[in-house]
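Okay, data25.csv is below, CSV, C-alpha atoms:
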```csv
chain,number,residue,atom,x,y,z
A,20,MET,CA,0.0,0.0,0.0
A,21,GLN,CA,2.9,2.3,0.5
A,22,ALA,CA,3.8,2.2,-3.2
A,23,TRP,CA,0.2,2.9,-4.0
A,24,ARG,CA,-0.2,6.2,-2.2
A,25,PRO,CA,1.5,8.4,-4.9
A,26,PHE,CA,-1.2,7.4,-7.3
A,27,LYS,CA,-4.2,8.3,-5.1
A,28,ARG,CA,-4.5,11.8,-6.3
A,29,LEU,CA,-3.8,10.8,-10.0
A,30,LEU,CA,-6.4,8.1,-10.2
A,31,GLY,CA,-9.0,9.6,-7.9
A,32,ARG,CA,-10.7,8.5,-4.7
A,33,ARG,CA,-13.0,6.0,-6.4
A,34,THR,CA,-10.1,3.7,-7.2
A,35,LEU,CA,-9.6,3.0,-3.5
A,36,GLU,CA,-13.0,1.2,-3.4
A,37,VAL,CA,-12.2,-1.4,-6.0
A,38,PRO,CA,-10.5,-4.8,-5.2
A,39,ASP,CA,-6.8,-5.2,-5.3
A,40,GLY,CA,-6.8,-7.1,-8.6
A,41,ALA,CA,-8.8,-4.5,-10.5
A,42,ARG,CA,-6.7,-1.8,-8.9
A,43,THR,CA,-3.5,-3.4,-10.2
A,44,GLU,CA,-4.9,-3.8,-13.8
A,45,ARG,CA,-6.0,-0.1,-13.7
A,46,LEU,CA,-2.5,1.0,-12.7
A,47,GLU,CA,-0.9,-1.1,-15.4
A,48,ALA,CA,-3.2,0.3,-18.0
A,49,LEU,CA,-2.4,3.9,-16.8
A,50,VAL,CA,1.4,3.2,-16.9
A,51,MET,CA,1.2,1.7,-20.4
A,52,SER,CA,-0.9,4.5,-21.8
A,53,GLY,CA,1.5,7.0,-20.3
A,54,LEU,CA,4.5,5.2,-22.0
A,55,ASP,CA,2.7,5.1,-25.3
A,56,HIS,CA,2.0,8.8,-25.1
A,57,GLN,CA,5.6,9.5,-24.2
A,58,ARG,CA,6.8,7.4,-27.2
A,59,CYS,CA,4.5,9.2,-29.6
A,60,THR,CA,5.6,12.6,-28.2
A,61,ALA,CA,9.2,11.5,-28.6
A,62,MET,CA,8.7,10.4,-32.2
A,63,ARG,CA,7.0,13.7,-33.1
A,64,ARG,CA,10.0,15.6,-31.7
A,65,LEU,CA,12.5,13.7,-34.0
A,66,PRO,CA,14.1,15.7,-36.7
A,67,PRO,CA,12.4,15.3,-40.1
A,68,LEU,CA,14.8,12.8,-41.7
A,69,PRO,CA,15.3,10.4,-38.8
A,70,ARG,CA,11.6,10.5,-38.1
A,71,ALA,CA,10.6,9.5,-41.6
A,72,LEU,CA,13.2,6.7,-41.8
A,73,PHE,CA,12.4,5.5,-38.3
A,74,LEU,CA,8.6,5.2,-39.0
A,75,LEU,CA,9.2,3.6,-42.5
A,76,HIS,CA,11.6,1.0,-41.0
A,77,ASN,CA,9.8,0.2,-37.7
A,78,PHE,CA,6.1,0.6,-38.7
A,79,TYR,CA,6.0,0.0,-42.4
A,80,GLY,CA,8.7,-2.7,-42.6
A,81,VAL,CA,10.9,-1.0,-45.3
A,82,GLU,CA,14.3,-2.6,-45.4
A,83,ILE,CA,17.4,-0.6,-44.8
A,84,GLY,CA,18.9,-1.6,-48.2
A,85,ALA,CA,15.8,-0.4,-50.1
A,86,MET,CA,15.9,2.9,-48.4
A,87,ALA,CA,19.7,3.3,-49.0
A,88,GLU,CA,19.3,2.4,-52.7
A,89,GLU,CA,16.4,4.9,-53.3
A,90,VAL,CA,18.0,7.7,-51.4
A,91,GLY,CA,21.4,7.2,-52.9
A,92,ALA,CA,23.3,6.6,-49.7
A,93,ASP,CA,25.2,3.9,-48.0
A,94,ARG,CA,23.6,1.5,-45.6
A,95,ASP,CA,25.9,2.8,-42.9
A,96,ILE,CA,24.4,6.3,-43.2
A,97,ILE,CA,20.8,4.9,-42.9
A,98,ASP,CA,21.9,2.8,-39.9
A,99,ALA,CA,23.4,6.0,-38.3
A,100,CYS,CA,20.1,7.9,-38.9
A,101,LEU,CA,18.1,5.1,-37.3
A,102,ALA,CA,20.5,4.8,-34.4
A,103,ASP,CA,20.2,8.6,-33.8
A,104,ALA,CA,16.4,8.3,-33.9
A,105,ARG,CA,16.3,5.4,-31.4
A,106,THR,CA,18.7,7.2,-29.1
A,107,ILE,CA,16.6,10.4,-29.1
A,108,VAL,CA,13.3,8.5,-28.6
A,109,ARG,CA,14.9,6.5,-25.7
A,110,ALA,CA,16.2,9.7,-24.1
A,111,HIS,CA,12.7,11.3,-24.3
A,112,VAL,CA,11.0,8.3,-22.8
A,113,CYS,CA,13.4,7.5,-20.0
A,114,HIS,CA,14.1,11.1,-18.9
A,115,THR,CA,17.5,9.9,-17.5
A,116,GLU,CA,19.7,10.6,-20.5
A,117,PRO,CA,20.6,13.9,-22.1
A,118,ILE,CA,18.7,14.5,-25.4
A,119,PRO,CA,21.3,13.9,-28.1
A,120,GLY,CA,21.4,15.5,-31.6
A,121,MET,CA,21.9,14.1,-35.0
A,122,GLY,CA,25.2,12.7,-36.1
A,123,ALA,CA,27.4,13.9,-38.9
A,124,ALA,CA,26.1,11.2,-41.3
A,125,ALA,CA,22.4,12.2,-40.8
A,126,ILE,CA,23.1,15.9,-41.1
A,127,GLU,CA,25.0,15.4,-44.4
A,128,LEU,CA,22.3,13.2,-45.9
A,129,GLU,CA,19.5,15.6,-44.7
A,130,ALA,CA,21.3,18.6,-46.3
A,131,ARG,CA,21.4,16.8,-49.7
A,132,LEU,CA,17.8,15.7,-49.5
A,133,GLN,CA,16.8,19.2,-48.5
A,134,GLN,CA,18.0,20.5,-51.9
A,135,ASP,CA,15.9,17.9,-53.7
A,136,TYR,CA,12.9,18.7,-51.5
A,137,ARG,CA,13.2,22.4,-52.4
A,138,ARG,CA,13.4,21.6,-56.1
A,139,SER,CA,10.3,19.4,-55.9
A,140,LEU,CA,8.3,22.1,-54.1
A,141,ALA,CA,9.4,24.7,-56.6
A,142,VAL,CA,8.3,22.5,-59.5
A,143,ALA,CA,4.9,21.8,-57.8
A,144,PHE,CA,4.3,25.6,-57.3
A,145,THR,CA,5.2,26.3,-60.9
A,146,GLU,CA,2.9,23.5,-62.2
A,147,SER,CA,0.1,24.8,-60.0
A,148,GLY,CA,0.1,28.2,-61.7
A,149,TYR,CA,1.2,30.3,-58.8
A,150,PRO,CA,2.9,33.6,-59.9
A,151,GLY,CA,6.3,34.6,-58.6
A,152,GLU,CA,9.4,32.6,-57.6
A,153,MET,CA,9.8,30.8,-54.3
A,154,ILE,CA,12.5,32.5,-52.1
A,155,TRP,CA,14.1,30.0,-49.7
A,156,PRO,CA,15.8,30.9,-46.4
A,157,ASP,CA,19.5,31.7,-46.9
A,158,PRO,CA,21.5,30.2,-45.3
A,159,ALA,CA,19.5,27.0,-45.1
A,160,ALA,CA,18.4,26.5,-41.5
A,161,GLY,CA,16.6,23.2,-41.7
A,162,ILE,CA,13.8,21.3,-43.4
A,163,ALA,CA,11.2,22.6,-40.9
A,164,THR,CA,12.1,26.2,-41.9
A,165,ASP,CA,11.7,25.3,-45.6
A,166,GLN,CA,8.2,23.9,-44.9
A,167,GLU,CA,7.2,27.1,-43.1
A,168,ALA,CA,8.6,29.2,-46.0
A,169,ALA,CA,6.7,27.1,-48.6
A,170,ALA,CA,3.5,27.3,-46.5
A,171,ALA,CA,3.9,31.1,-46.2
A,172,PHE,CA,4.3,31.4,-49.9
A,173,ILE,CA,0.9,29.6,-50.5
A,174,VAL,CA,-0.8,31.5,-47.7
A,175,SER,CA,0.2,34.8,-49.2
A,176,GLN,CA,-1.9,33.9,-52.3
A,177,LEU,CA,-5.1,33.3,-50.3
A,178,THR,CA,-7.8,35.8,-49.4
A,179,ALA,CA,-7.3,38.2,-46.4
A,180,THR,CA,-9.7,36.2,-44.2
A,181,LEU,CA,-7.8,32.9,-44.7
A,182,ARG,CA,-4.5,34.7,-44.3
A,183,ASN,CA,-5.6,36.0,-40.9
A,184,ALA,CA,-6.8,32.5,-39.9
A,185,ALA,CA,-3.4,31.1,-40.8
A,186,LEU,CA,-1.5,33.8,-38.9
A,187,ARG,CA,-3.6,33.0,-35.8
A,188,SER,CA,-2.6,29.3,-36.0
A,189,ARG,CA,1.2,29.9,-36.4
A,190,ARG,CA,1.9,28.3,-33.0
A,191,ALA,CA,0.6,25.0,-34.3
A,192,GLY,CA,2.6,25.0,-37.6
A,193,VAL,CA,0.7,25.7,-40.7
A,194,ALA,CA,2.6,23.2,-42.9
A,195,THR,CA,1.6,20.1,-40.9
A,196,VAL,CA,-1.3,21.5,-38.9
A,197,ASP,CA,-3.6,19.2,-37.0
A,198,GLN,CA,-6.9,21.0,-37.0
A,199,TRP,CA,-8.6,19.0,-34.3
A,200,ARG,CA,-5.8,19.2,-31.8
A,201,PHE,CA,-5.8,22.9,-30.9
A,202,VAL,CA,-9.2,24.3,-32.3
A,203,GLY,CA,-12.1,23.7,-29.9
A,204,PRO,CA,-15.3,22.4,-31.3
A,205,TRP,CA,-17.1,25.6,-30.2
A,206,ARG,CA,-14.9,27.6,-32.6
A,207,ARG,CA,-16.6,26.2,-35.7
A,208,CYS,CA,-16.1,29.2,-37.9
A,209,ARG,CA,-12.3,29.4,-37.2
A,210,ARG,CA,-11.9,25.6,-37.6
A,211,ARG,CA,-13.6,25.7,-41.0
A,212,ARG,CA,-11.3,28.5,-42.1
A,213,LEU,CA,-8.2,26.6,-41.0
A,214,LEU,CA,-9.4,23.5,-42.8
A,215,ARG,CA,-9.7,25.6,-46.0
A,216,VAL,CA,-6.2,26.8,-45.5
A,217,ASN,CA,-5.0,23.3,-45.0
A,218,ASP,CA,-6.8,22.2,-48.2
A,219,ALA,CA,-5.2,25.0,-50.1
A,220,LEU,CA,-1.7,24.0,-48.9
A,221,ARG,CA,-2.2,20.3,-49.9
A,222,CYS,CA,-3.9,21.2,-53.2
A,223,ALA,CA,-1.0,23.5,-54.1
A,224,GLY,CA,1.6,20.7,-53.6
A,225,CYS,CA,3.0,21.9,-50.3
A,226,GLN,CA,3.8,18.4,-49.1
A,227,PRO,CA,5.6,17.8,-45.8
A,228,PHE,CA,9.1,16.4,-46.0
A,229,ASP,CA,8.3,13.0,-44.5
A,230,GLU,CA,5.5,12.4,-46.9
A,231,TRP,CA,7.6,13.5,-49.8
A,232,LEU,CA,10.4,11.2,-48.8
A,233,ALA,CA,8.1,8.3,-48.2
A,234,ASP,CA,6.5,8.8,-51.6
A,235,ARG,CA,10.0,8.8,-53.2
A,236,LEU,CA,11.1,5.7,-51.3
A,237,VAL,CA,8.0,3.4,-51.3
A,238,PRO,CA,4.9,5.0,-52.8
A,239,ASP,CA,2.9,1.8,-52.4
A,240,HIS,CA,3.1,2.0,-48.6
A,241,ARG,CA,0.7,5.0,-48.4
A,242,TYR,CA,2.6,6.7,-45.7
A,243,PRO,CA,1.8,8.0,-43.1
A,244,HIS,CA,-1.9,7.0,-42.7
A,245,GLY,CA,-1.9,3.6,-44.2
A,246,TYR,CA,-4.9,4.2,-46.5
A,247,ALA,CA,-5.2,5.8,-50.0
A,248,GLU,CA,-5.9,9.5,-50.0
A,249,TYR,CA,-7.2,11.3,-53.0
A,250,ARG,CA,-5.4,14.6,-53.4
A,251,ARG,CA,-6.6,17.3,-55.8
A,252,ARG,CA,-3.8,19.2,-57.6
A,253,ARG,CA,-4.1,22.8,-58.6
A,254,ARG,CA,-3.6,23.3,-62.3
A,255,PRO,CA,-3.2,26.6,-64.2
A,256,LEU,CA,-6.2,27.7,-66.2
A,257,PRO,CA,-5.7,28.1,-70.0
A,258,GLU,CA,-5.4,31.9,-69.7
A,259,GLU,CA,-2.9,31.6,-66.8
A,260,ARG,CA,-0.2,29.7,-68.8
A,261,PRO,CA,1.6,30.6,-72.1
A,262,LEU,CA,0.4,28.8,-75.2
A,263,THR,CA,2.7,26.4,-76.9
A,264,GLU,CA,3.8,26.9,-80.5
A,265,ALA,CA,1.4,24.2,-81.7
A,266,GLU,CA,-1.5,25.9,-79.8
A,267,GLN,CA,-0.6,29.3,-81.4
A,268,ASN,CA,-0.7,27.7,-84.8
A,269,GLY,CA,-4.1,26.2,-84.2
A,270,GLU,CA,-2.8,22.6,-84.3
A,271,GLU,CA,-3.8,21.8,-80.8
A,272,ILE,CA,-6.6,22.9,-78.5
A,273,ALA,CA,-5.5,24.9,-75.5
A,274,ASP,CA,-7.1,22.6,-72.9
A,275,ILE,CA,-9.4,19.6,-73.1
A,276,VAL,CA,-11.3,18.4,-70.1
A,277,GLN,CA,-12.7,14.9,-70.0
A,278,ILE,CA,-15.8,14.7,-67.8
A,279,PRO,CA,-17.7,11.6,-66.8
A,280,GLU,CA,-20.6,10.7,-69.1
A,281,PRO,CA,-23.3,11.0,-66.3
A,282,LEU,CA,-22.2,14.6,-65.7
A,283,THR,CA,-23.2,15.6,-69.2
A,284,ARG,CA,-26.9,15.3,-68.1
A,285,GLN,CA,-26.3,17.9,-65.4
A,286,SER,CA,-26.7,21.7,-65.8
A,287,GLU,CA,-23.8,23.7,-67.4
A,288,LEU,CA,-23.2,25.5,-64.1
A,289,THR,CA,-22.9,22.2,-62.2
A,290,ARG,CA,-20.4,20.9,-64.8
A,291,HIS,CA,-18.3,24.2,-64.4
A,292,VAL,CA,-18.2,23.8,-60.7
A,293,TRP,CA,-17.0,20.2,-61.0
A,294,ILE,CA,-14.3,21.1,-63.5
A,295,PHE,CA,-13.0,24.0,-61.5
A,296,PHE,CA,-13.0,22.0,-58.3
A,297,TYR,CA,-11.6,18.6,-59.4
A,298,HIS,CA,-9.8,19.2,-62.7
A,299,TYR,CA,-8.2,22.6,-61.9
A,300,GLY,CA,-8.1,22.1,-58.1
A,301,ARG,CA,-9.6,25.5,-57.3
A,302,SER,CA,-10.9,26.3,-53.9
A,303,THR,CA,-14.5,27.2,-53.1
A,304,GLU,CA,-13.7,30.9,-52.7
A,305,GLU,CA,-12.1,31.0,-56.2
A,306,ILE,CA,-15.1,29.3,-57.7
A,307,VAL,CA,-17.5,31.7,-56.0
A,308,ARG,CA,-15.6,34.7,-57.4
A,309,ARG,CA,-15.3,33.3,-60.9
A,310,LEU,CA,-18.9,32.1,-61.3
A,311,GLY,CA,-20.6,34.7,-59.2
A,312,ILE,CA,-22.6,32.3,-57.0
A,313,SER,CA,-22.7,31.7,-53.3
A,314,ARG,CA,-20.6,29.2,-51.3
A,315,ALA,CA,-23.7,27.1,-50.5
A,316,SER,CA,-24.5,26.9,-54.2
A,317,VAL,CA,-21.0,25.7,-55.0
A,318,LYS,CA,-21.2,23.1,-52.3
A,319,ARG,CA,-24.6,21.9,-53.4
A,320,ARG,CA,-23.7,21.7,-57.1
A,321,ARG,CA,-20.5,19.8,-56.3
A,322,GLU,CA,-22.5,17.3,-54.3
A,323,GLN,CA,-25.0,17.0,-57.1
A,324,ALA,CA,-22.1,16.2,-59.5
A,325,ASP,CA,-20.7,13.6,-57.2
A,326,TYR,CA,-24.1,11.9,-56.8
A,327,ALA,CA,-24.6,11.9,-60.6
A,328,ILE,CA,-21.2,10.3,-61.2
A,329,ILE,CA,-21.8,7.4,-58.8
A,330,GLY,CA,-25.3,6.9,-60.3
A,331,MET,CA,-27.4,8.0,-57.3
A,332,ASP,CA,-30.2,10.5,-56.9
A,333,TYR,CA,-29.4,13.7,-55.0
A,334,PRO,CA,-31.1,13.5,-51.6
A,335,SER,CA,-34.0,15.8,-50.9
A,336,LEU,CA,-33.9,18.8,-48.6
A,337,ALA,CA,-35.9,17.0,-45.9
A,338,PHE,CA,-33.4,14.0,-46.0
A,339,ARG,CA,-30.4,16.4,-45.7
A,340,ILE,CA,-32.0,18.1,-42.7
A,341,ARG,CA,-32.7,14.9,-40.9
A,342,PHE,CA,-29.2,13.6,-41.7
A,343,ALA,CA,-27.6,16.9,-40.3
A,344,ILE,CA,-29.7,16.5,-37.1
A,345,MET,CA,-28.6,12.9,-36.7
A,346,VAL,CA,-24.9,13.8,-37.2
A,347,ARG,CA,-25.3,16.6,-34.6
A,348,ARG,CA,-26.9,14.2,-32.1
A,349,LEU,CA,-24.1,11.6,-32.6
A,350,GLY,CA,-21.5,14.2,-32.1
A,351,LEU,CA,-23.0,15.4,-28.9
A,352,GLY,CA,-23.3,11.7,-27.8
A,353,ILE,CA,-19.6,11.1,-28.5
A,354,TRP,CA,-18.6,14.2,-26.5
A,355,TRP,CA,-20.8,13.2,-23.6
A,356,ASP,CA,-19.2,9.7,-23.6
A,357,ARG,CA,-15.7,11.3,-23.5
A,358,ILE,CA,-16.7,13.6,-20.6
A,359,ARG,CA,-18.3,10.8,-18.7
A,360,SER,CA,-15.3,8.5,-19.1
A,361,ALA,CA,-13.0,11.3,-18.0
A,362,LEU,CA,-15.1,11.9,-14.9
A,363,TYR,CA,-16.0,8.4,-13.8
A,364,GLY,CA,-13.4,6.2,-15.6
```

Just give me the structure of the file as structure tokens.
Amino acid sequence: MQAWRPFKRLLGRRTLEVPDGARTERLEALVMSGLDHQRCTAMRRLPPLPRALFLLHNFYGVEIGAMAEEVGADRDIIDACLADARTIVRAHVCHTEPIPGMGAAAIELEARLQQDYRRSLAVAFTESGYPGEMIWPDPAAGIATDQEAAAAFIVSQLTATLRNAALRSRRAGVATVDQWRFVGPWRRCRRRRLLRVNDALRCAGCQPFDEWLADRLVPDHRYPHGYAEYRRRRRPLPEERPLTEAEQNGEEIADIVQIPEPLTRQSELTRHVWIFFYHYGRSTEEIVRRLGISRASVKRRREQADYAIIGMDYPSLAFRIRFAIMVRRLGLGIWWDRIRSALYG
């Protein structure tokens, strides 16, 4: 019982009323959950390159030889990066060792990959039709700094409202922002704006370094979520790019958009919304300004196009209202279950 006293305040008074066996199981679960949280926190604090290689090797089963071959490095360098990552994670979890830094091999490899990462982002921005040239920090400070510079370049192209929403979320990191972690559910308007900022970043090709490296190494592993994710890609409109010589001579058409056959039976405005959103990767705000319709109309016509493509009838207004109420009730039920579990265990 002497060893149990420090946990009284942590687990609450109700735990003193349960039998010894249940009390022990509860303590073990608490300790294990704490260790898992510490491991996850330690992995998130890893530098970009060791973190990507550590996750690919330990969670996705990518062999060291395959990583070394694709990256163009020796096995010893990859081994050194993984050793640095394991040492840093162990130091964060144990809290008894000083937190080390990366070794010379990892720093050299990261510097070389950083130049490739910059070139890939610059190509993505050019292909997306963004005006201007990307200006990178000089001297190079690190991959995280490049991610922030790339995100700032895209945010500068957004509307004033979205730019302000991005500036308010700088503490969380715009390039790899986790919207649900720091935005409370009661701040619905702000959360929606940040989600639109995040969508604009991903649509423009602003890919975090670890995802870029994983796609380069093993694109079939679907890093980091483990499931396929459809990503829209922003494309320049015909009037936003210079015509080729063949197009100037009339030998080619400036741009041809292939739309699904079921979409041909929809209205012209619905087809335009689908083309701007999916083919050209434009945001809802840009479609609103270009077509002169409201945001609600853009969302409704996009949903109508999606339903038409999969061969289903668009649901009626009454069904959509009932569905929205059901989702709201389920959301409140989930939050109540979380509160009740936190209070009563």

Atomic separation - CA of Trp293 (chain A) relative to CA of Glu322 (chain A), Å: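 A separation of 9.1 Å between them.
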
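In this structure, CA of Asp165 (chain A) sits 17.7 Å away from CA of Arg63 (chain A).
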
Neighbour list for region 76-79 of chain A as a list of chain:residue names, cut-off 10 Å, all atoms listed in the file, skip fewer than 2 positions in-chain: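 Returned residues: A:Arg70, A:Ala71, A:Leu72, A:Phe73, A:Leu74, A:Val81, A:Glu82, A:Ile83, A:Met86, A:Leu101, A:Val237, A:His240, A:Arg241, A:Tyr242, A:Pro243, A:Gly245.
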
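Put simply, CA of Val317 (chain A) is 26.7 Å away from CA of Ser188 (chain A).
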
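Distance annotation: of A:Arg319, A:Leu75, A:His111, A:Val174, the residue with the minimal separation from Cys59 (chain A) is A:His111; atom set is only C-alpha atoms.
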
Which residue, A:Trp155, A:Leu336, A:Ala163, A:Leu68, has the smallest gap to Glu127 (chain A) when you use all atoms listed in the file? A:Leu68

Just the residues within 12 Å of region 176-180 of chain A, please, counting all atoms listed in the file, with nothing from its chain fewer than 6 positions along; format it as a ChimeraX atom specification. /A:144,148-151,169-170,186-187,208-209,211-213,215-220,223,301-305,308

Identify which of the residues A:Ile278, A:Val112, A:Cys225, A:Ile353 lies closest to Leu140 (chain A), counting only C-alpha atoms when measuring atom-to-atom distances.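 The closest residue to Leu140 (chain A) is A:Cys225.
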
Taking only residues of region 274-302 of chain A that have an atom at most 8 Å from an atom of region 328-332 of chain A, what is each one's shortest atom pair and its distance in Å to one decimal, using only C-alpha atoms, in chain and number order, as CSV?
```
residue,atom,partner,partner_atom,distance
A:Pro279,CA,A:Ile328,CA,6.7
A:Glu280,CA,A:Ile328,CA,7.9
A:Pro281,CA,A:Ile328,CA,5.6
A:Leu282,CA,A:Ile328,CA,6.3
```

Around (-0.6, 18.5, -57.5) in the file's own coordinates, what residues are found within 7 Å if you use only C-alpha atoms, given back as a list in words? Ala143, Ser147, Cys222, Ala223, Gly224, Arg251, Arg252 and Arg253 of chain A

Supply region 97-112 of chain A as a JSON list (two decimals), in the coordinates of the input, with N, CA, C and O atoms built in where the input has gaps.
```
[["chain", "number", "residue", "atom", "x", "y", "z"],
["A", 97, "ILE", "N", 22.20, 5.18, -43.37],
["A", 97, "ILE", "CA", 20.80, 4.90, -42.90],
["A", 97, "ILE", "C", 20.85, 4.31, -41.53],
["A", 97, "ILE", "O", 20.02, 4.66, -40.67],
["A", 98, "ASP", "N", 21.80, 3.39, -41.27],
["A", 98, "ASP", "CA", 21.90, 2.80, -39.90],
["A", 98, "ASP", "C", 22.22, 3.91, -38.90],
["A", 98, "ASP", "O", 21.68, 3.88, -37.78],
["A", 99, "ALA", "N", 23.06, 4.87, -39.26],
["A", 99, "ALA", "CA", 23.40, 6.00, -38.30],
["A", 99, "ALA", "C", 22.15, 6.82, -38.06],
["A", 99, "ALA", "O", 21.91, 7.23, -36.91],
["A", 100, "CYS", "N", 21.35, 7.10, -39.08],
["A", 100, "CYS", "CA", 20.10, 7.90, -38.90],
["A", 100, "CYS", "C", 19.15, 7.14, -37.96],
["A", 100, "CYS", "O", 18.55, 7.75, -37.05],
["A", 101, "LEU", "N", 18.98, 5.84, -38.18],
["A", 101, "LEU", "CA", 18.10, 5.10, -37.30],
["A", 101, "LEU", "C", 18.61, 4.98, -35.90],
["A", 101, "LEU", "O", 17.83, 5.03, -34.93],
["A", 102, "ALA", "N", 19.93, 4.86, -35.76],
["A", 102, "ALA", "CA", 20.50, 4.80, -34.40],
["A", 102, "ALA", "C", 20.29, 6.15, -33.69],
["A", 102, "ALA", "O", 19.95, 6.17, -32.49],
["A", 103, "ASP", "N", 20.46, 7.27, -34.40],
["A", 103, "ASP", "CA", 20.20, 8.60, -33.80],
["A", 103, "ASP", "C", 18.72, 8.68, -33.37],
["A", 103, "ASP", "O", 18.42, 9.18, -32.28],
["A", 104, "ALA", "N", 17.81, 8.19, -34.22],
["A", 104, "ALA", "CA", 16.40, 8.30, -33.90],
["A", 104, "ALA", "C", 16.07, 7.44, -32.66],
["A", 104, "ALA", "O", 15.34, 7.89, -31.76],
["A", 105, "ARG", "N", 16.60, 6.22, -32.59],
["A", 105, "ARG", "CA", 16.30, 5.40, -31.40],
["A", 105, "ARG", "C", 16.90, 5.99, -30.15],
["A", 105, "ARG", "O", 16.26, 5.94, -29.09],
["A", 106, "THR", "N", 18.06, 6.58, -30.26],
["A", 106, "THR", "CA", 18.70, 7.20, -29.10],
["A", 106, "THR", "C", 17.85, 8.39, -28.58],
["A", 106, "THR", "O", 17.64, 8.57, -27.37],
["A", 107, "ILE", "N", 17.38, 9.20, -29.51],
["A", 107, "ILE", "CA", 16.60, 10.40, -29.10],
["A", 107, "ILE", "C", 15.26, 9.94, -28.50],
["A", 107, "ILE", "O", 14.82, 10.48, -27.48],
["A", 108, "VAL", "N", 14.60, 8.94, -29.10],
["A", 108, "VAL", "CA", 13.30, 8.50, -28.60],
["A", 108, "VAL", "C", 13.53, 7.88, -27.16],
["A", 108, "VAL", "O", 12.76, 8.15, -26.23],
["A", 109, "ARG", "N", 14.58, 7.08, -26.98],
["A", 109, "ARG", "CA", 14.90, 6.50, -25.70],
["A", 109, "ARG", "C", 15.13, 7.56, -24.63],
["A", 109, "ARG", "O", 14.68, 7.46, -23.49],
["A", 110, "ALA", "N", 15.85, 8.59, -25.02],
["A", 110, "ALA", "CA", 16.20, 9.70, -24.10],
["A", 110, "ALA", "C", 14.89, 10.41, -23.65],
["A", 110, "ALA", "O", 14.73, 10.78, -22.49],
["A", 111, "HIS", "N", 13.98, 10.63, -24.61],
["A", 111, "HIS", "CA", 12.70, 11.30, -24.30],
["A", 111, "HIS", "C", 11.85, 10.48, -23.37],
["A", 111, "HIS", "O", 11.16, 11.02, -22.49],
["A", 112, "VAL", "N", 11.86, 9.17, -23.56],
["A", 112, "VAL", "CA", 11.00, 8.30, -22.80],
["A", 112, "VAL", "C", 11.54, 8.07, -21.37],
["A", 112, "VAL", "O", 10.81, 8.11, -20.38]]
```
